[in-house]
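Trainee: I have a structure here, written as structure tokens, and I will follow up with some questions on it.
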Amino acid sequence: MAAVEADIVIRNGLLITSESTVEADLAIRGEQIVAIGKDLRAPQEWDVRGCYVLPGGVDVHVHPQMPYNGEYTSDDWFSASRAAACGGTTTIIDFVEPAPDQPLIQALEERLSLVEKQAYVDFSFHMTLISAVPECLEQIPQVVARGIPSFKLYTTYVGFGLSDEELLKAFAAVRESGGLVLVHAENDAIIRWSQNRLVERKQLSVQHYPLSRPMEAEAEAVQRVLHLAHIAQVPLYLVHLTHEASVRAVERARQLGWQVFAETCPQYLLLDDSVFSANHYGGGVGFVCAPPLRPKGEQAKLWNDLARGVIHSIGSDHCAFNLKTQKSRGEEDFRRCPPGLPGLEPRLSLIHTFGVGRNKISLSRWVEICCTQPARIMGLYPRKGTLEPGSDADVVIFDPNWMVRLTQREAQPGDYRLHEAVDYTPYEGWEIQGWPKMVFLRGHLVVMEGQPIVSEAWGKFLPRSPFVG
Ligand SMILES: [Zn+2]
């Protein structure tokens, strides 16, 4: 074997990429992977026999330290990004939400200066567009030039929701700059009408929450947004799809050659709306997210779509609010419950346990949807999302036989206490098969035996290239 100069060699692991599963050594020099092969040597060697070696996870949908109605999510950027690392995710993409009339670049620079001192893993942003007036849209090229080629738009929510005409204008402007749009698709009128009906019937306790945002609201908006994006010829990434009708619409669009990608989240694969029945842990408020969890039966169909490759990416949509002081406000009136679930730390392991472990998806597919595809779609590949000479040495040593029980309470023997800064987890007490033992971020060992081992924020801002398809 030709000598490769390396600082670190990870030996005897099972290397898993979206393409292959192969027993090999992996060599790191500085911040990059420099070789994959047999019998590689270096001053620092780790024998990881029995473990998987994966590219660091890429979660392109997270909301750490997010402002919401005059308050914030329960976490800050440091704790959230450190939790991501503990779960094997080394790249996360957050959102910049400009204030009304604030220049987009100014909002971006503000968020960047807040985040870069606190980032435990590498990061980038999507720019949220809350307006489609010409003064706003003409700033898009500047944002793309700064390394942010993805734009988030909403079809609902006061202050965020855009009309069809505004969406078209914004889509066309993003398209001109070579960007991609992410859309939260739910029909605003259906939501308002459904909510008002529940108000009239005095059915506002959290048990009724799923009825306020029915599946049809999502399916209709997904279908409409697909057509709008097609007319504007802009590549589209649909965030958090929750059920079959939405995914079918994406599948048909792709059969027509339209450039569209579908994301779902662990919560829509693993939880159903029975958590809203009375007496469940957290009274249901801990499970309020938008779109809502769906009826039993939809989850199995989503798994099937994941296996078939119709869903391209798993984002956590991590958005953590404390149960006791924040989410509980919605018990008697779900409109007062801040929506969102924590979940960026267990994302990889949840999909491993319930996907790979239950024979629903292969090891390569697991890596593809949690690492490779998200990186590719967002312009980070092959720097991120794969194990190749030249890629960043973001490497996860994943022990598939490490059984952990997730908790946010005081840890008992066998428990894994999550690092997410929030007072609950939707997965309290769940038995998980497999967890990252070691995590390298650009060649730096940052997590050991599930615990963060450095106090510095080494994460770097990742400027991204325009979308190439
Ligand atoms: Zn989100």
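Ligands are numbered from 1 in the order shown, residues from 1 within each chain, and chains are lettered A, B, ... in the order they appear in the structure tokens.
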Using only C-alpha atoms and all ligand atoms, which protein or nucleic acid residues are at most 8 Å from ligand 1, as a JSON list (two decimals) with N, CA, C and O atoms, in the first residue's frame?
Mentor:
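part_15.json was written with the following content:
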```json
[["chain", "number", "residue", "atom", "x", "y", "z"],
["A", 61, "HIS", "N", -32.72, 21.70, 7.99],
["A", 61, "HIS", "CA", -33.96, 22.33, 8.46],
["A", 61, "HIS", "C", -33.97, 22.39, 9.99],
["A", 61, "HIS", "O", -34.48, 21.49, 10.64],
["A", 62, "VAL", "N", -33.37, 23.42, 10.54],
["A", 62, "VAL", "CA", -33.33, 23.58, 12.00],
["A", 62, "VAL", "C", -33.62, 25.03, 12.38],
["A", 62, "VAL", "O", -33.34, 25.95, 11.62],
["A", 63, "HIS", "N", -34.18, 25.19, 13.59],
["A", 63, "HIS", "CA", -34.51, 26.54, 14.08],
["A", 63, "HIS", "C", -33.97, 26.76, 15.49],
["A", 63, "HIS", "O", -34.75, 26.94, 16.43],
["A", 184, "HIS", "N", -42.94, 26.17, 2.80],
["A", 184, "HIS", "CA", -43.86, 25.60, 3.78],
["A", 184, "HIS", "C", -45.24, 25.71, 3.14],
["A", 184, "HIS", "O", -45.77, 26.81, 3.00],
["A", 239, "VAL", "N", -40.61, 21.48, 2.27],
["A", 239, "VAL", "CA", -40.24, 21.08, 3.63],
["A", 239, "VAL", "C", -41.37, 20.29, 4.28],
["A", 239, "VAL", "O", -42.53, 20.41, 3.91],
["A", 240, "HIS", "N", -41.00, 19.50, 5.23],
["A", 240, "HIS", "CA", -41.90, 18.73, 6.12],
["A", 240, "HIS", "C", -43.20, 18.24, 5.50],
["A", 240, "HIS", "O", -44.27, 18.57, 5.97],
["A", 317, "ASP", "N", -36.51, 19.73, 11.41],
["A", 317, "ASP", "CA", -37.37, 20.87, 11.75],
["A", 317, "ASP", "C", -37.29, 21.15, 13.24],
["A", 317, "ASP", "O", -38.28, 21.52, 13.88],
["A", 318, "HIS", "N", -36.11, 20.95, 13.81],
["A", 318, "HIS", "CA", -35.88, 21.18, 15.24],
["A", 318, "HIS", "C", -36.32, 22.59, 15.62],
["A", 318, "HIS", "O", -35.85, 23.58, 15.06],
["A", 319, "CYS", "N", -37.24, 22.66, 16.58],
["A", 319, "CYS", "CA", -37.77, 23.96, 17.01],
["A", 319, "CYS", "C", -38.24, 23.73, 18.44],
["A", 319, "CYS", "O", -39.35, 23.26, 18.68],
["A", 340, "GLY", "N", -43.78, 23.46, 17.26],
["A", 340, "GLY", "CA", -42.45, 22.94, 16.94],
["A", 340, "GLY", "C", -42.04, 21.87, 17.92],
["A", 340, "GLY", "O", -42.47, 21.86, 19.07]]
```
Trainee: Excluding A:Arg409 and its own-chain neighbours fewer than 2 positions away, which residues fall within 8 Å of it when counting only C-alpha atoms? Please give them as a list in words.
Mentor: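 Everything that qualifies: Thr407, Ala411, Arg417, Asp423 and Tyr424 of chain A.
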Trainee: Can you list, as a list in words, every residue of stretch 347-436 of chain A that DSSP puts in strand (DSSP E or B)?
Mentor: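 So the strand (DSSP E or B) residues in stretch 347-436 of chain A would be Asp392, Val395, Val396, Ile397, Phe398, Asp399, Pro400, Asn401, Trp402, Met403, Val404, Arg405, Leu406, Thr407, Asp415, Tyr416, Arg417, Glu431, Ile432, Gln433, Gly434, Trp435 and Pro436 of chain A.
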Trainee: Please dump the current selection as a short mmCIF file (atom, residue, chain, number, x, y, z; two decimals), in the first residue's frame; keep C-alpha atoms.
Mentor:
```cif
data_model
loop_
_atom_site.label_atom_id
_atom_site.label_comp_id
_atom_site.auth_asym_id
_atom_site.auth_seq_id
_atom_site.Cartn_x
_atom_site.Cartn_y
_atom_site.Cartn_z
CA ASP A 392 -14.18 17.56 4.75
CA VAL A 395 -16.79 11.54 10.16
CA VAL A 396 -19.16 9.71 12.48
CA ILE A 397 -18.19 6.47 14.17
CA PHE A 398 -21.59 4.94 14.76
CA ASP A 399 -21.94 1.93 17.03
CA PRO A 400 -24.96 -0.03 15.77
CA ASN A 401 -24.99 -2.19 18.89
CA TRP A 402 -25.08 0.59 21.43
CA MET A 403 -28.57 0.47 22.91
CA VAL A 404 -29.69 3.71 24.51
CA ARG A 405 -32.92 4.84 26.14
CA LEU A 406 -33.60 8.49 25.32
CA THR A 407 -34.50 10.85 28.11
CA ASP A 415 -30.35 6.18 29.64
CA TYR A 416 -28.96 8.64 27.17
CA ARG A 417 -29.67 12.14 28.37
CA GLU A 431 -35.26 2.43 23.13
CA ILE A 432 -32.83 3.32 20.38
CA GLN A 433 -30.46 0.98 18.61
CA GLY A 434 -27.19 2.63 17.67
CA TRP A 435 -25.61 5.94 18.57
CA PRO A 436 -22.48 7.84 17.49
#
```
Trainee: Considering only C-alpha atoms, return as a PyMOL selection string whatever protein or nucleic-acid residues lie within 10 Å of stretch 354-368 of chain A, sequence-local ones (same chain, fewer than 4 positions apart) excluded.
Mentor: chain A and resi 15-21+52+54-58+266+269-270+300+303-304+306-309+312-314+348-350+372-376+385-386+400+432-434
Trainee: Dump N, CA, C and O atoms for the selected residues as a compact mmCIF listing (two decimals), in the first residue's frame?
Mentor:
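The resulting file, selection.txt, is shown below:
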```
# COMPACT_ATOMS: atom_id res chain seq x y z
N LEU A 15 -17.41 1.35 6.16
CA LEU A 15 -17.66 2.68 5.60
C LEU A 15 -18.97 2.67 4.81
O LEU A 15 -19.13 1.87 3.88
N ILE A 16 -19.86 3.55 5.19
CA ILE A 16 -21.17 3.58 4.52
C ILE A 16 -21.35 4.92 3.81
O ILE A 16 -21.27 5.98 4.44
N THR A 17 -21.57 4.85 2.53
CA THR A 17 -21.94 6.04 1.78
C THR A 17 -23.25 5.74 1.06
O THR A 17 -23.77 4.62 1.15
N SER A 18 -23.76 6.73 0.33
CA SER A 18 -25.02 6.51 -0.38
C SER A 18 -24.82 5.50 -1.51
O SER A 18 -25.78 4.96 -2.05
N GLU A 19 -23.57 5.23 -1.86
CA GLU A 19 -23.27 4.34 -2.98
C GLU A 19 -22.88 2.93 -2.56
O GLU A 19 -23.12 1.99 -3.29
N SER A 20 -22.18 2.84 -1.42
CA SER A 20 -21.62 1.53 -1.10
C SER A 20 -21.44 1.34 0.40
O SER A 20 -21.52 2.28 1.19
N THR A 21 -21.18 0.09 0.75
CA THR A 21 -20.91 -0.31 2.12
C THR A 21 -19.66 -1.17 2.04
O THR A 21 -19.69 -2.25 1.47
N TYR A 52 -19.93 1.43 12.32
CA TYR A 52 -20.09 2.04 11.00
C TYR A 52 -19.30 3.35 10.96
O TYR A 52 -19.19 4.03 11.98
N LEU A 54 -19.58 6.83 8.97
CA LEU A 54 -20.50 7.57 8.09
C LEU A 54 -20.01 8.98 7.87
O LEU A 54 -19.30 9.53 8.71
N PRO A 55 -20.44 9.61 6.77
CA PRO A 55 -20.22 11.04 6.66
C PRO A 55 -21.07 11.76 7.72
O PRO A 55 -22.15 11.27 8.07
N GLY A 56 -20.58 12.88 8.23
CA GLY A 56 -21.35 13.64 9.22
C GLY A 56 -22.74 13.96 8.69
O GLY A 56 -22.91 14.23 7.50
N GLY A 57 -23.72 13.90 9.57
CA GLY A 57 -25.09 14.19 9.17
C GLY A 57 -25.25 15.63 8.71
O GLY A 57 -24.55 16.53 9.17
N VAL A 58 -26.19 15.82 7.79
CA VAL A 58 -26.49 17.16 7.27
C VAL A 58 -27.98 17.40 7.48
O VAL A 58 -28.81 16.72 6.89
N PRO A 266 -38.45 13.10 11.14
CA PRO A 266 -38.65 11.91 11.97
C PRO A 266 -40.01 11.87 12.65
O PRO A 266 -40.64 10.81 12.73
N LEU A 269 -42.71 10.39 10.62
CA LEU A 269 -42.51 8.96 10.36
C LEU A 269 -42.80 8.12 11.60
O LEU A 269 -43.12 6.93 11.49
N LEU A 270 -42.65 8.72 12.77
CA LEU A 270 -42.63 7.92 14.00
C LEU A 270 -43.77 8.19 14.97
O LEU A 270 -44.02 7.40 15.87
N ALA A 300 -46.58 4.59 7.85
CA ALA A 300 -46.08 3.43 7.08
C ALA A 300 -45.92 3.80 5.61
O ALA A 300 -45.00 3.34 4.94
N TRP A 303 -42.72 5.78 5.14
CA TRP A 303 -41.55 4.90 5.15
C TRP A 303 -41.36 4.24 3.80
O TRP A 303 -40.26 4.12 3.27
N ASN A 304 -42.48 3.83 3.24
CA ASN A 304 -42.44 3.19 1.94
C ASN A 304 -41.91 4.16 0.87
O ASN A 304 -41.10 3.80 0.02
N LEU A 306 -39.95 6.66 1.43
CA LEU A 306 -38.52 6.85 1.70
C LEU A 306 -37.72 5.74 1.03
O LEU A 306 -36.70 5.98 0.39
N ALA A 307 -38.21 4.53 1.19
CA ALA A 307 -37.50 3.38 0.63
C ALA A 307 -37.47 3.45 -0.89
O ALA A 307 -36.48 3.09 -1.53
N ARG A 308 -38.56 3.94 -1.48
CA ARG A 308 -38.65 4.01 -2.94
C ARG A 308 -37.89 5.20 -3.52
O ARG A 308 -37.82 5.36 -4.74
N GLY A 309 -37.40 6.07 -2.66
CA GLY A 309 -36.65 7.22 -3.17
C GLY A 309 -37.51 8.39 -3.59
O GLY A 309 -37.05 9.31 -4.25
N HIS A 312 -36.64 12.68 -0.48
CA HIS A 312 -35.21 12.86 -0.74
C HIS A 312 -34.38 13.21 0.47
O HIS A 312 -33.16 13.10 0.44
N SER A 313 -35.03 13.70 1.52
CA SER A 313 -34.24 14.29 2.60
C SER A 313 -35.01 14.20 3.92
O SER A 313 -36.23 14.32 3.94
N ILE A 314 -34.25 13.98 4.99
CA ILE A 314 -34.83 14.02 6.34
C ILE A 314 -34.30 15.26 7.04
O ILE A 314 -33.10 15.37 7.31
N LEU A 348 -30.43 11.05 13.32
CA LEU A 348 -29.73 9.93 12.67
C LEU A 348 -30.09 8.59 13.31
O LEU A 348 -30.36 7.60 12.62
N SER A 349 -30.06 8.56 14.63
CA SER A 349 -30.29 7.30 15.33
C SER A 349 -31.74 6.84 15.24
O SER A 349 -32.00 5.63 15.19
N LEU A 350 -32.67 7.77 15.23
CA LEU A 350 -34.08 7.38 15.07
C LEU A 350 -34.30 6.72 13.72
O LEU A 350 -34.97 5.68 13.61
N THR A 372 -26.19 12.68 2.39
CA THR A 372 -25.74 12.98 1.03
C THR A 372 -26.70 13.87 0.24
O THR A 372 -26.30 14.89 -0.31
N GLN A 373 -27.95 13.45 0.17
CA GLN A 373 -28.92 14.22 -0.63
C GLN A 373 -29.11 15.62 -0.09
O GLN A 373 -29.12 16.58 -0.87
N PRO A 374 -29.28 15.79 1.24
CA PRO A 374 -29.43 17.16 1.74
C PRO A 374 -28.23 18.03 1.35
O PRO A 374 -28.39 19.18 0.96
N ALA A 375 -27.02 17.45 1.43
CA ALA A 375 -25.82 18.21 1.05
C ALA A 375 -25.84 18.55 -0.44
O ALA A 375 -25.54 19.68 -0.84
N ARG A 376 -26.24 17.58 -1.22
CA ARG A 376 -26.24 17.79 -2.67
C ARG A 376 -27.26 18.87 -3.07
O ARG A 376 -26.94 19.79 -3.81
N GLY A 385 -21.40 15.48 3.22
CA GLY A 385 -22.38 14.46 2.85
C GLY A 385 -21.81 13.18 2.27
O GLY A 385 -22.57 12.29 1.91
N THR A 386 -20.50 13.07 2.19
CA THR A 386 -19.94 11.83 1.68
C THR A 386 -18.55 11.59 2.26
O THR A 386 -17.98 12.48 2.91
N PRO A 400 -23.59 0.45 16.00
CA PRO A 400 -24.96 -0.03 15.77
C PRO A 400 -25.47 -0.92 16.90
O PRO A 400 -26.66 -1.22 16.95
N ILE A 432 -33.45 3.01 21.66
CA ILE A 432 -32.83 3.32 20.38
C ILE A 432 -31.65 2.38 20.15
O ILE A 432 -30.85 2.15 21.06
N GLN A 433 -31.58 1.88 18.94
CA GLN A 433 -30.46 0.98 18.61
C GLN A 433 -29.43 1.73 17.77
O GLN A 433 -29.67 2.04 16.60
N GLY A 434 -28.28 1.99 18.39
CA GLY A 434 -27.19 2.63 17.67
C GLY A 434 -27.09 4.11 17.98
O GLY A 434 -28.08 4.83 18.01
```
Trainee: Find the residues near A:Glu456: any atom within 9 Å, counting only C-alpha atoms, skip ones fewer than 5 places away on the same chain, and give them as a list in words.
Mentor: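 Listing them by chain and then by number gives Lys117, Gln118, Ala119 and Tyr120 of chain A.
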Trainee: Identify, on the basis of only C-alpha atoms, every residue whose closest approach to stretch 104-110 of chain A does not exceed 9 Å; exclude the query and any residue fewer than 3 positions from it along the same chain; express the result as a list in words.
Mentor: Val96, Glu97, Pro98, Ala99, Asp101, Ser113, Leu114, Val115, Phe125, Met127, Thr128, Leu129, Cys136, Gln139, Ile140, Gln142, Val143 and Arg146 of chain A
Trainee: Keeping only C-alpha atoms, write the selected residues to a file as a compact mmCIF listing (two decimals), in the first residue's frame.
Mentor:
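What landed in again_5.txt:
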```txt
# COMPACT_ATOMS: atom_id res chain seq x y z
CA VAL A 96 -32.55 34.16 8.56
CA GLU A 97 -35.84 35.91 9.25
CA PRO A 98 -35.53 39.59 8.35
CA ALA A 99 -37.74 42.13 10.13
CA ASP A 101 -38.40 46.30 5.63
CA SER A 113 -22.39 37.41 13.79
CA LEU A 114 -24.71 35.91 16.42
CA VAL A 115 -24.14 32.36 15.22
CA PHE A 125 -28.56 29.71 6.30
CA MET A 127 -33.01 33.44 3.63
CA THR A 128 -36.69 33.81 4.47
CA LEU A 129 -38.65 36.02 2.08
CA CYS A 136 -37.06 43.22 -1.54
CA GLN A 139 -31.69 42.20 -3.10
CA ILE A 140 -31.73 38.50 -3.95
CA GLN A 142 -26.60 40.08 -3.23
CA VAL A 143 -27.75 37.34 -0.90
CA ARG A 146 -22.87 36.09 -0.12
```
Trainee: Of the residues A:Leu167, A:Ala24, A:Ala219, A:Leu211, which is the one nearest to A:Arg248, using only C-alpha atoms?
Mentor: A:Ala219
Trainee: Using DSSP secondary structure from the backbone, list all helix (DSSP H, G or I) positions within stretch 100-248 of chain A, as JSON, numbers by chain.
Mentor: {"A": [104, 105, 106, 107, 108, 109, 110, 111, 112, 113, 114, 115, 116, 134, 135, 136, 137, 140, 141, 142, 143, 144, 145, 164, 165, 166, 167, 168, 169, 170, 171, 172, 173, 174, 175, 176, 188, 189, 190, 191, 192, 193, 194, 195, 196, 197, 198, 199, 200, 206, 207, 208, 209, 210, 211, 212, 215, 216, 217, 218, 219, 220, 221, 222, 223, 224, 225, 226, 227, 228, 229, 230, 231, 232, 244, 245, 246, 247, 248]}
Trainee: For A:Gly179, which residue out of A:Gln233, A:Ser81, A:Ser212, A:Ser205 is the nearest one, using only C-alpha atoms?
Mentor: A:Gln233
Trainee: Give me the residues within 12 Å of A:Leu256 as a PyMOL selection string, counting only C-alpha atoms and dropping any in the same chain fewer than 5 places off.
Mentor: chain A and resi 226-227+230+249-251
Trainee: Dump C-alpha atoms for the selected residues as a JSON list (two decimals), in the first residue's frame?
Mentor:
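Full text of out_35.json as output:
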```
[["chain", "number", "residue", "atom", "x", "y", "z"],
["A", 226, "LEU", "CA", -45.65, 22.67, -7.51],
["A", 227, "HIS", "CA", -47.44, 24.34, -10.39],
["A", 230, "HIS", "CA", -42.99, 24.92, -12.51],
["A", 249, "ALA", "CA", -48.02, 15.06, -5.99],
["A", 250, "VAL", "CA", -44.24, 15.39, -5.84],
["A", 251, "GLU", "CA", -43.80, 12.00, -7.45]]
```
Trainee: Restricting the calculation to only C-alpha atoms: of A:Ala393, A:Gln223, A:His419, A:Pro463, which residue gets closest to A:Gly30?
Mentor: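 Going through A:Ala393, A:Gln223, A:His419, A:Pro463 one by one, the smallest distance to A:Gly30 is for A:Ala393.
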Trainee: Show me, as a tab-separated table, the residues of stretch 74-167 of chain A having an atom within 10 Å of stretch 172-175 of chain A, each with the closest atom pair and its distance in Å, using only C-alpha atoms.
Mentor:
```
residue	atom	partner	partner_atom	distance
A:Ala132	CA	A:Ala173	CA	9.2
A:Pro134	CA	A:Ala173	CA	9.5
A:Leu137	CA	A:Ala173	CA	6.4
A:Glu138	CA	A:Ala173	CA	7.8
A:Gln139	CA	A:Ala173	CA	9.6
A:Ile140	CA	A:Val174	CA	6.8
A:Pro141	CA	A:Val174	CA	8.2
A:Val144	CA	A:Val174	CA	9.0
A:Pro149	CA	A:Val174	CA	8.2
A:Ser150	CA	A:Val174	CA	8.2
A:Phe151	CA	A:Val174	CA	7.5
A:Glu166	CA	A:Ala172	CA	9.9
A:Leu167	CA	A:Ala172	CA	8.4
```
